[in-house]
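Structure file protein.cif (mmCIF, C-alpha atoms) follows.
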data_target
#
loop_
_atom_site.label_atom_id
_atom_site.label_comp_id
_atom_site.auth_asym_id
_atom_site.auth_seq_id
_atom_site.Cartn_x
_atom_site.Cartn_y
_atom_site.Cartn_z
CA MET A 1 -5.25 46.47 -18.40
CA MET A 2 -6.96 49.15 -16.35
CA ARG A 3 -7.45 46.77 -13.43
CA SER A 4 -3.81 45.80 -13.20
CA ALA A 5 -2.83 49.50 -13.38
CA THR A 6 -5.17 50.15 -10.46
CA ARG A 7 -3.60 47.32 -8.53
CA TRP A 8 -0.17 48.77 -9.24
CA ILE A 9 -1.23 52.17 -7.93
CA VAL A 10 -2.74 50.55 -4.86
CA ALA A 11 0.48 48.60 -4.32
CA MET A 12 2.51 51.79 -4.60
CA MET A 13 0.27 53.58 -2.11
CA VAL A 14 0.60 50.66 0.26
CA GLY A 15 4.35 50.89 -0.17
CA ILE A 16 4.31 54.59 0.69
CA LEU A 17 2.08 54.00 3.67
CA VAL A 18 4.26 51.12 4.82
CA ASN A 19 7.29 53.38 4.78
CA MET A 20 5.37 55.97 6.73
CA GLY A 21 4.84 53.26 9.29
CA VAL A 22 1.10 53.46 8.90
CA LEU A 23 0.47 49.97 7.59
CA GLY A 24 2.23 46.73 8.06
CA ALA A 25 3.74 44.99 5.08
CA ALA A 26 0.58 42.93 4.52
CA SER A 27 -2.10 43.64 1.97
CA ALA A 28 -4.09 46.81 2.58
CA ALA A 29 -7.30 44.98 3.43
CA MET A 30 -5.85 42.89 6.27
CA VAL A 31 -7.10 43.61 9.76
CA GLY A 32 -4.37 43.98 12.38
CA THR A 33 -4.47 41.54 15.30
CA GLN A 34 -5.27 44.13 17.96
CA ASP A 35 -7.54 46.14 15.69
CA ALA A 36 -9.66 43.00 15.37
CA LEU A 37 -10.08 43.10 19.16
CA ARG A 38 -11.20 46.71 19.04
CA ALA A 39 -14.44 48.36 17.93
CA ASP A 40 -13.04 51.21 15.90
CA HIS A 41 -10.39 50.93 13.22
CA ARG A 42 -8.89 54.36 13.16
CA ALA A 43 -5.72 53.41 15.01
CA GLU A 44 -3.43 53.88 12.00
CA ILE A 45 -4.37 57.50 11.49
CA ASP A 46 -3.89 58.31 15.13
CA ARG A 47 -0.43 56.78 15.12
CA VAL A 48 0.91 59.22 12.54
CA LEU A 49 -0.35 62.24 14.45
CA SER A 50 0.72 60.92 17.84
CA ARG A 51 4.15 60.04 16.56
CA ASP A 52 4.72 63.57 15.34
CA GLU A 53 3.56 65.12 18.59
CA VAL A 54 5.78 62.85 20.66
CA ARG A 55 8.73 63.66 18.42
CA GLN A 56 8.22 67.36 19.18
CA GLU A 57 7.90 66.71 22.90
CA LEU A 58 11.05 64.61 23.08
CA LEU A 59 13.00 67.17 21.06
CA ALA A 60 11.74 69.96 23.29
CA HIS A 61 12.85 68.00 26.35
CA GLY A 62 16.40 67.49 25.22
CA VAL A 63 16.39 64.09 23.52
CA SER A 64 18.85 64.18 20.66
CA GLU A 65 17.48 63.95 17.13
CA GLU A 66 19.41 60.82 16.13
CA MET A 67 17.89 58.87 19.01
CA ILE A 68 14.27 59.85 18.51
CA ASP A 69 13.19 57.70 15.56
CA ALA A 70 14.36 54.48 17.17
CA ARG A 71 12.56 55.40 20.38
CA LEU A 72 9.34 56.24 18.56
CA SER A 73 9.38 53.10 16.42
CA ALA A 74 9.48 50.84 19.46
CA MET A 75 6.32 52.28 21.01
CA THR A 76 2.82 50.98 20.35
CA ASP A 77 -0.04 53.19 19.12
CA GLN A 78 -1.44 53.38 22.66
CA GLU A 79 1.92 54.33 24.12
CA LEU A 80 2.44 57.04 21.53
CA ALA A 81 -1.05 58.39 22.20
CA MET A 82 -0.40 58.42 25.94
CA MET A 83 2.92 60.20 25.46
CA ALA A 84 1.30 62.71 23.10
CA ASN A 85 -1.64 63.49 25.36
CA GLU A 86 -0.03 63.40 28.79
CA PHE A 87 3.69 64.01 28.37
CA ASP A 88 4.07 66.45 31.25
CA GLN A 89 1.88 64.43 33.60
CA LEU A 90 3.64 61.11 33.13
CA PRO A 91 5.82 60.12 36.11
CA ALA A 92 9.51 60.52 35.36
CA GLY A 93 11.24 57.91 37.46
CA ALA A 94 14.53 59.28 38.64
CA GLY A 95 15.36 57.86 42.00
CA VAL A 96 16.71 61.04 43.50
CA ILE A 97 15.14 64.20 44.69
CA GLU A 98 15.82 67.39 42.91
CA VAL A 99 14.23 69.62 45.43
CA VAL A 100 15.34 72.67 47.34
CA GLY A 101 14.03 75.03 49.90
CA ILE A 102 10.53 74.66 51.24
CA VAL A 103 9.80 71.50 49.23
CA PHE A 104 12.79 69.76 50.80
CA ILE A 105 11.70 70.86 54.27
CA VAL A 106 8.21 69.49 53.68
CA LEU A 107 9.57 66.16 52.47
CA LEU A 108 11.96 65.98 55.40
CA ILE A 109 9.11 66.54 57.85
CA LEU A 110 7.00 63.90 56.13
CA GLU A 111 9.93 61.52 56.39
CA LEU A 112 10.51 62.22 60.05
CA VAL A 113 6.88 61.66 60.98
CA GLY A 114 6.93 58.41 59.06
CA VAL A 115 4.67 59.27 56.14
CA THR A 116 7.26 58.77 53.45
CA ASN A 117 10.30 56.61 52.85
CA ILE A 118 12.16 58.73 50.37
CA PHE A 119 15.51 58.46 52.03
CA SER A 120 15.10 54.85 53.01
CA GLY A 121 13.32 53.65 49.92
CA PHE A 122 16.40 53.59 47.72
CA MET B 123 21.96 67.65 54.72
CA ALA B 124 24.25 67.12 51.75
CA ALA B 125 24.11 63.37 52.22
CA LEU B 126 20.31 63.45 52.22
CA LEU B 127 20.22 65.56 49.08
CA GLY B 128 22.43 62.97 47.44
CA GLY B 129 19.29 60.85 47.28
CA CYS B 130 20.96 57.54 47.98
CA ALA B 131 21.17 57.66 51.78
CA HIS B 132 20.76 54.33 53.50
CA LEU B 133 18.82 54.81 56.70
CA GLN B 134 17.26 51.37 56.62
CA PRO B 135 19.22 48.19 57.08
CA SER B 136 19.62 45.98 54.04
CA ALA B 137 17.36 43.00 53.74
CA PRO B 138 16.99 40.29 56.36
CA PRO B 139 17.38 36.68 55.31
CA VAL B 140 14.36 35.45 53.44
CA SER B 141 11.78 32.84 54.18
CA GLY B 142 10.07 33.08 50.82
CA ALA B 143 11.49 33.24 47.32
CA GLU B 144 14.43 35.44 46.52
CA LEU B 145 15.83 35.70 43.04
CA VAL B 146 19.45 35.89 44.12
CA GLN B 147 20.73 35.44 40.56
CA THR B 148 19.19 38.73 39.46
CA PRO B 149 22.00 41.00 38.32
CA PHE B 150 22.71 44.22 40.13
CA PHE B 151 23.34 47.56 38.45
CA PRO B 152 23.68 50.39 40.94
CA GLN B 153 22.08 53.49 39.55
CA SER B 154 23.87 56.76 38.92
CA ALA B 155 22.22 60.11 39.57
CA TYR B 156 18.56 60.29 38.37
CA GLN B 157 18.98 57.12 36.37
CA CYS B 158 17.05 54.45 38.20
CA GLY B 159 15.22 53.82 34.92
CA PRO B 160 18.25 52.58 32.97
CA ALA B 161 19.55 50.70 36.02
CA ALA B 162 16.28 48.92 36.78
CA LEU B 163 15.69 48.14 33.12
CA ALA B 164 19.19 46.76 32.65
CA THR B 165 18.57 44.53 35.66
CA VAL B 166 15.49 42.84 34.20
CA LEU B 167 16.78 42.73 30.62
CA VAL B 168 20.09 41.11 31.52
CA ASP B 169 18.23 38.68 33.77
CA SER B 170 16.23 37.60 30.70
CA GLY B 171 19.40 36.93 28.76
CA ALA B 172 19.67 40.16 26.82
CA GLN B 173 23.05 41.86 26.63
CA THR B 174 22.96 45.47 27.71
CA THR B 175 24.08 47.93 30.39
CA PRO B 176 22.49 50.94 32.08
CA TYR B 177 24.85 53.16 30.11
CA ARG B 178 23.57 51.80 26.80
CA LEU B 179 19.96 52.23 27.88
CA VAL B 180 20.32 55.90 28.76
CA GLU B 181 19.95 56.92 25.14
CA GLN B 182 16.78 54.81 24.89
CA VAL B 183 14.88 55.96 27.95
CA TRP B 184 16.43 59.07 29.48
CA VAL B 185 14.61 62.39 29.03
CA GLU B 186 16.88 65.23 30.04
CA GLY B 187 14.07 67.76 30.23
CA ARG B 188 12.13 65.60 32.71
CA LYS B 189 15.26 64.43 34.54
CA GLY B 190 13.99 60.89 34.45
CA SER B 191 12.57 58.02 32.42
CA LEU B 192 8.98 57.56 31.30
CA GLN B 193 7.04 54.32 31.59
CA PRO B 194 6.12 53.85 27.90
CA GLU B 195 9.78 54.18 26.99
CA LEU B 196 10.82 51.43 29.39
CA LEU B 197 8.36 49.13 27.61
CA ALA B 198 9.64 50.27 24.22
CA ALA B 199 13.26 49.69 25.18
CA THR B 200 12.33 46.18 26.31
CA ARG B 201 11.07 45.47 22.81
CA ARG B 202 14.23 46.89 21.29
CA ALA B 203 16.11 44.22 23.22
CA GLY B 204 13.96 41.57 21.52
CA ARG B 205 11.89 40.84 24.61
CA LEU B 206 8.21 41.05 25.54
CA PRO B 207 7.28 43.45 28.34
CA ILE B 208 4.26 41.95 30.14
CA ARG B 209 2.39 44.18 32.57
CA ILE B 210 1.41 42.36 35.71
CA GLU B 211 -2.07 42.66 37.22
CA PRO B 212 -2.23 45.64 39.61
CA ASP B 213 -2.07 43.83 42.94
CA THR B 214 0.47 42.31 45.31
CA ASP B 215 -0.78 38.77 44.65
CA ALA B 216 0.23 39.12 41.02
CA LEU B 217 3.58 40.56 42.09
CA ASN B 218 4.14 37.66 44.46
CA ALA B 219 3.22 35.18 41.72
CA ALA B 220 5.56 36.76 39.20
CA VAL B 221 8.53 36.73 41.57
CA GLY B 222 7.61 33.24 42.73
CA ALA B 223 7.66 32.10 39.09
CA GLY B 224 11.20 33.41 38.71
CA TYR B 225 10.53 36.80 37.12
CA PRO B 226 12.14 39.83 38.79
CA THR B 227 9.55 42.56 38.40
CA LEU B 228 10.26 46.18 37.53
CA VAL B 229 7.91 48.46 39.45
CA LEU B 230 7.23 52.18 39.56
CA LEU B 231 7.04 53.61 43.08
CA ASN B 232 6.06 57.00 44.48
CA LEU B 233 8.24 57.39 47.54
CA GLY B 234 6.77 60.80 48.32
CA VAL B 235 3.11 61.70 48.58
CA ARG B 236 0.43 62.16 45.95
CA TRP B 237 0.75 65.94 45.91
CA LEU B 238 4.55 65.87 46.08
CA PRO B 239 5.62 62.72 44.26
CA VAL B 240 9.09 61.23 44.22
CA TRP B 241 9.06 58.73 41.37
CA HIS B 242 11.43 55.78 41.41
CA TYR B 243 11.89 52.54 39.49
CA ALA B 244 13.08 49.46 41.34
CA VAL B 245 13.12 45.71 40.76
CA VAL B 246 11.33 43.37 43.16
CA ILE B 247 13.31 40.17 43.63
CA GLY B 248 11.88 38.59 46.73
CA HIS B 249 9.28 38.38 49.40
CA ALA B 250 10.21 38.11 53.06
CA ASP B 251 7.77 37.51 55.91
CA ASP B 252 6.85 41.11 56.44
CA GLY B 253 8.23 42.89 53.45
CA TRP B 254 9.64 42.92 49.94
CA ILE B 255 13.21 42.74 48.74
CA LEU B 256 14.25 45.03 45.92
CA ARG B 257 17.22 45.91 43.82
CA SER B 258 16.90 49.64 44.27
CA GLY B 259 19.10 52.62 43.66
CA THR B 260 22.56 51.76 44.91
CA THR B 261 21.36 49.03 47.25
CA LYS B 262 21.66 45.44 46.14
CA ARG B 263 19.15 44.12 48.69
CA ARG B 264 16.78 46.82 49.83
CA TRP B 265 14.06 45.73 52.20
CA MET B 266 10.71 47.53 52.28
CA PRO B 267 8.08 46.58 54.87
CA HIS B 268 4.71 45.60 53.41
CA ALA B 269 2.92 48.78 54.44
CA ASP B 270 5.58 51.09 53.00
CA PHE B 271 5.87 49.20 49.74
CA THR B 272 2.11 48.93 49.24
CA ARG B 273 1.66 52.62 49.90
CA ALA B 274 4.40 53.61 47.45
CA TRP B 275 3.24 51.15 44.79
CA LYS B 276 -0.43 52.07 45.18
CA LEU B 277 0.43 55.70 44.51
CA ALA B 278 1.96 54.47 41.26
CA ASP B 279 -1.29 52.68 40.37
CA TYR B 280 0.40 49.33 40.98
CA TRP B 281 2.37 49.62 37.75
CA GLY B 282 4.90 46.92 37.04
CA PHE B 283 6.08 44.51 34.35
CA ILE B 284 8.15 41.44 33.74
CA VAL B 285 10.42 40.73 30.80
CA ALA B 286 9.72 37.56 28.83
CA HIS B 287 11.85 35.88 26.19
CA PRO B 288 9.88 35.21 22.97
CA ALA B 289 10.53 31.46 23.20
CA HIS B 290 9.31 31.09 26.79
CA VAL B 291 5.69 31.78 27.67
CA PRO B 292 5.31 32.47 31.42
CA ASP B 293 2.88 30.10 33.11
CA ALA B 294 0.58 32.70 34.56
CA VAL B 295 0.08 34.82 31.45
CA THR B 296 -3.24 34.74 29.53
CA THR B 297 -3.55 34.12 25.80
CA GLU B 298 -4.66 37.66 25.18
CA GLN B 299 -1.82 39.18 27.24
CA TRP B 300 0.81 37.14 25.37
CA VAL B 301 -0.74 37.67 21.93
CA ARG B 302 -0.97 41.43 22.45
CA ALA B 303 2.61 41.63 23.65
CA ALA B 304 3.83 39.47 20.76
CA ASP B 305 1.82 41.53 18.28
CA ASP B 306 3.35 44.71 19.72
CA LEU B 307 6.80 43.20 19.34
CA ALA B 308 6.12 42.25 15.73
CA ASN B 309 4.72 45.69 14.92
CA THR B 310 7.69 47.59 16.33
CA GLY B 311 10.36 46.19 14.07
CA HIS B 312 10.83 42.72 15.52
CA ALA B 313 8.80 40.59 13.13
CA ASP B 314 10.95 37.48 13.63
CA ASP B 315 10.78 37.62 17.43
CA GLY B 316 7.04 38.25 17.21
CA VAL B 317 6.60 35.15 15.06
CA ILE B 318 8.64 33.07 17.50
CA ALA B 319 6.47 34.27 20.36
CA LEU B 320 3.28 33.50 18.48
CA GLU B 321 4.50 30.06 17.45
CA GLN B 322 4.90 29.42 21.16
CA ALA B 323 1.40 30.73 21.68
CA VAL B 324 -0.19 28.20 19.35
CA ARG B 325 1.80 25.42 20.97
CA ARG B 326 0.55 26.47 24.36
CA TRP B 327 -3.04 27.27 23.26
CA PRO B 328 -3.65 25.15 20.15
CA ASN B 329 -7.41 25.71 20.16
CA ASP B 330 -7.38 29.46 20.53
CA LYS B 331 -8.42 31.23 17.33
CA LEU B 332 -6.83 34.48 18.47
CA ALA B 333 -3.38 32.89 18.74
CA TRP B 334 -3.62 31.41 15.23
CA PHE B 335 -5.01 34.66 13.85
CA ALA B 336 -2.15 36.64 15.33
CA LEU B 337 0.42 34.13 14.04
CA GLY B 338 -1.10 34.29 10.56
CA ASN B 339 -0.94 38.08 10.58
CA ALA B 340 2.64 38.14 11.80
CA ARG B 341 3.69 35.72 9.06
CA ALA B 342 1.82 37.76 6.45
CA ALA B 343 3.48 40.96 7.67
CA ARG B 344 6.89 39.56 6.81
CA GLY B 345 5.73 38.11 3.52
CA ASP B 346 5.43 34.42 4.49
CA TRP B 347 2.12 34.05 2.67
CA PRO B 348 1.94 30.23 2.51
CA ALA B 349 2.69 29.95 6.24
CA ALA B 350 0.19 32.74 6.94
CA GLN B 351 -2.47 30.82 5.04
CA VAL B 352 -1.92 27.75 7.21
CA ALA B 353 -2.35 29.70 10.43
CA LEU B 354 -5.35 31.69 9.20
CA GLU B 355 -7.09 28.54 7.93
CA ARG B 356 -6.70 27.17 11.44
CA ALA B 357 -8.11 30.36 12.96
CA VAL B 358 -11.13 30.22 10.66
CA SER B 359 -11.75 26.55 11.40
CA LEU B 360 -11.76 27.40 15.13
CA GLY B 361 -14.01 30.42 14.64
CA PRO B 362 -15.88 30.24 11.33
CA ASP B 363 -18.08 33.23 12.21
CA TRP B 364 -15.24 35.54 13.19
CA THR B 365 -15.05 38.04 10.34
CA PRO B 366 -11.51 39.39 10.90
CA ALA B 367 -10.02 35.90 10.43
CA VAL B 368 -12.15 35.19 7.37
CA ASN B 369 -11.17 38.56 5.95
CA ASN B 370 -7.47 38.06 6.39
CA LEU B 371 -7.62 34.52 5.02
CA VAL B 372 -9.36 35.76 1.85
CA SER B 373 -6.74 38.50 1.51
CA THR B 374 -3.97 35.95 1.91
CA LEU B 375 -5.48 33.56 -0.61
CA LEU B 376 -5.61 36.38 -3.15
CA GLU B 377 -1.94 37.13 -2.44
CA LEU B 378 -1.20 33.48 -3.18
CA GLY B 379 -3.11 33.64 -6.44
CA CYS B 380 -5.96 31.43 -5.26
CA PRO B 381 -9.27 33.29 -5.82
CA ASP B 382 -11.13 30.01 -6.27
CA ARG B 383 -10.15 28.94 -2.75
CA ALA B 384 -11.27 32.33 -1.45
CA ALA B 385 -14.64 32.34 -3.23
CA PRO B 386 -16.62 30.27 -0.69
CA LEU B 387 -15.62 32.70 2.07
CA VAL B 388 -16.46 35.95 0.33
CA GLY B 389 -20.20 35.68 0.93
CA GLN B 390 -19.59 36.09 4.65
CA LEU B 391 -17.59 39.26 4.00
CA ARG B 392 -20.35 40.67 1.82
CA ALA B 393 -22.69 40.37 4.80
CA SER B 394 -20.33 42.44 6.98
CA SER B 395 -20.52 46.22 7.29
CA ALA B 396 -16.87 46.61 8.27
CA ASP B 397 -14.76 48.78 5.98
CA TYR B 398 -11.99 46.23 5.73
CA ALA B 399 -14.47 43.56 4.65
CA ARG B 400 -15.86 45.77 1.89
CA GLN B 401 -12.33 46.49 0.73
CA THR B 402 -11.48 42.80 0.62
CA VAL B 403 -14.65 42.04 -1.34
CA ARG B 404 -13.64 44.72 -3.84
CA GLU B 405 -10.16 43.20 -4.10
CA PHE B 406 -11.72 39.82 -4.74
CA GLU B 407 -14.03 41.17 -7.41
CA ASP B 408 -11.27 43.21 -9.07
CA TYR B 409 -8.86 40.32 -8.95
CA ALA B 410 -7.16 40.01 -12.32
CA GLY B 411 -4.09 38.00 -11.49
CA THR B 412 -3.13 35.25 -13.87
CA ALA B 413 -0.43 33.52 -11.85
CA ARG B 414 -1.10 29.98 -10.77
CA CYS B 415 -2.35 29.28 -7.27
CA GLN B 416 0.68 28.69 -5.06
CA LEU B 417 -1.09 26.19 -2.86
CA THR B 418 -1.23 22.51 -3.64
CA PRO B 419 -4.87 21.38 -3.88
#
I'd like the structure from this file rewritten - as structure tokens, please.
Amino acid sequence: MMRSATRWIVAMMVGILVNMGVLGAASAAMVGTQDALRADHRAEIDRVLSRDEVRQELLAHGVSEEMIDARLSAMTDQELAMMANEFDQLPAGAGVIEVVGIVFIVLLILELVGVTNIFSGF
Amino acid sequence: MAALLGGCAHLQPSAPPVSGAELVQTPFFPQSAYQCGPAALATVLVDSGAQTTPYRLVEQVWVEGRKGSLQPELLAATRRAGRLPIRIEPDTDALNAAVGAGYPTLVLLNLGVRWLPVWHYAVVIGHADDGWILRSGTTKRRWMPHADFTRAWKLADYWGFIVAHPAHVPDAVTTEQWVRAADDLANTGHADDGVIALEQAVRRWPNDKLAWFALGNARAARGDWPAAQVALERAVSLGPDWTPAVNNLVSTLLELGCPDRAAPLVGQLRASSADYARQTVREFEDYAGTARCQLTP
């Protein structure tokens, strides 16, 4: 009796953790494919923390709340960790220059002496 | 001045006729202000058969506060379209091979300098004698001489990826690359597409224990326990000493109500110091299920 109650509690915890996105739908003792290729197995815990941090960053940078969950769910643990740790350093591909003043002059000079191809690279 | 600030000035001629491969069928989505990310991504996704537009991708990849799109989010949006983003090796040979194999390649470029970067996403569609042909910005065929392209791509750490359909494994990809990408797809809400991709993996690499292991896990994750058991048995037969596969097979056999079938494998788990192995041994020892084994003997 006691053993099946324990299994039920374990199953419920797994269910909670599944909904938190921490574990896949498999049994709790299964090793994930990429975890098996890795030395340490703490990836699940990191995901929860990273996910929260990235949520805050995206919100702070103007991404609307309704969009955020879908964006977070599609990223891997490594991608979430990278976004969490380096958000401001990651290149933001834009394709245009939002520069004024001295920065624009510098870029223009670099272009004219042939160092860059900003204006021709589009 | 105003035209230059517009960011889409065309001071270079468009591309010369090609001698090498050019993927002329690649769709073209001219970008709107700041949004080379959605435009480039739409280009490669639609080329792979997905149905989308730059407008629809804006809400998936655009970050207003950074006035641009971030690399991890381009990969994530690829998965949301039910496709596998596969990073190419960081060199021009790999880029040439990808385009030559028919895969337009989305690349990050720094068109400025290291200390004053101008980040841009474009799609490489061809290789001419002395340069590359891109879908870029508002230009359908933008030519970049080798030296310019290499400089701009090097500053972006040679980052680029192709988009693969789950049912079509690219020739040049390795088992590990494909399995990782398929596993990522399965783990981000696309279990069915992940399984499709891994079924292709075991067809392509039938003697690779990693492919069978990954397939077994993907099937288990969506509750297909009998099918998971088949794949994991295969993984264990190909790598009897590989503890992760043994572990997951034992777990699966318990799910199927077959502790007797699991028993011969548990000794190996007892010898392991891994946490998951200890947990599985405990599950085995605590097993109190009374349902009949779902597997035929």
Select, from B:Thr418, B:Thr174, B:Gln153, B:Thr227, the residue with the minimum atom-to-atom distance to chain A, counting only C-alpha atoms.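 Going through B:Thr418, B:Thr174, B:Gln153, B:Thr227 one by one, the smallest distance to chain A is for B:Gln153.
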Step by step, work through what the PyMOL selection byres ((chain B and resi 148) around 8) selects in the shown file, and finish by giving those residues as number ranges by chain. B: 145-147, 149-150, 165-166, 169, 226, 247
Give me, as a PyMOL selection string, the residues of chain B touching chain A, with the criterion being at most 6 Å (counting all atoms listed in the file). chain B and resi 129+131-134+156-158+186-187+190-192+194+198+233-234+241-243+258-259+310+336+342-343+370+398+401-402
Between atom CA of A:Leu112 and atom CA of B:Asp252, distance in Å (one decimal):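 Taking atom CA of A:Leu112 and atom CA of B:Asp252, their separation equals 21.7 Å.
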Apply the PyMOL selection byres ((chain B and resi 372) around 8) to the file shown and report the selected residues as a compact mmCIF listing (two decimals) with C-alpha atoms, in the coordinates of the input.
# COMPACT_ATOMS: atom_id res chain seq x y z
CA VAL B 368 -12.15 35.19 7.37
CA ASN B 369 -11.17 38.56 5.95
CA ASN B 370 -7.47 38.06 6.39
CA LEU B 371 -7.62 34.52 5.02
CA SER B 373 -6.74 38.50 1.51
CA THR B 374 -3.97 35.95 1.91
CA LEU B 375 -5.48 33.56 -0.61
CA LEU B 376 -5.61 36.38 -3.15
CA ALA B 384 -11.27 32.33 -1.45
CA LEU B 387 -15.62 32.70 2.07
CA VAL B 388 -16.46 35.95 0.33
CA THR B 402 -11.48 42.80 0.62
Carefully work through the PyMOL selection byres ((chain A and resi 51) around 8) for this structure and note down the residues it includes, as a count of residues only. 12
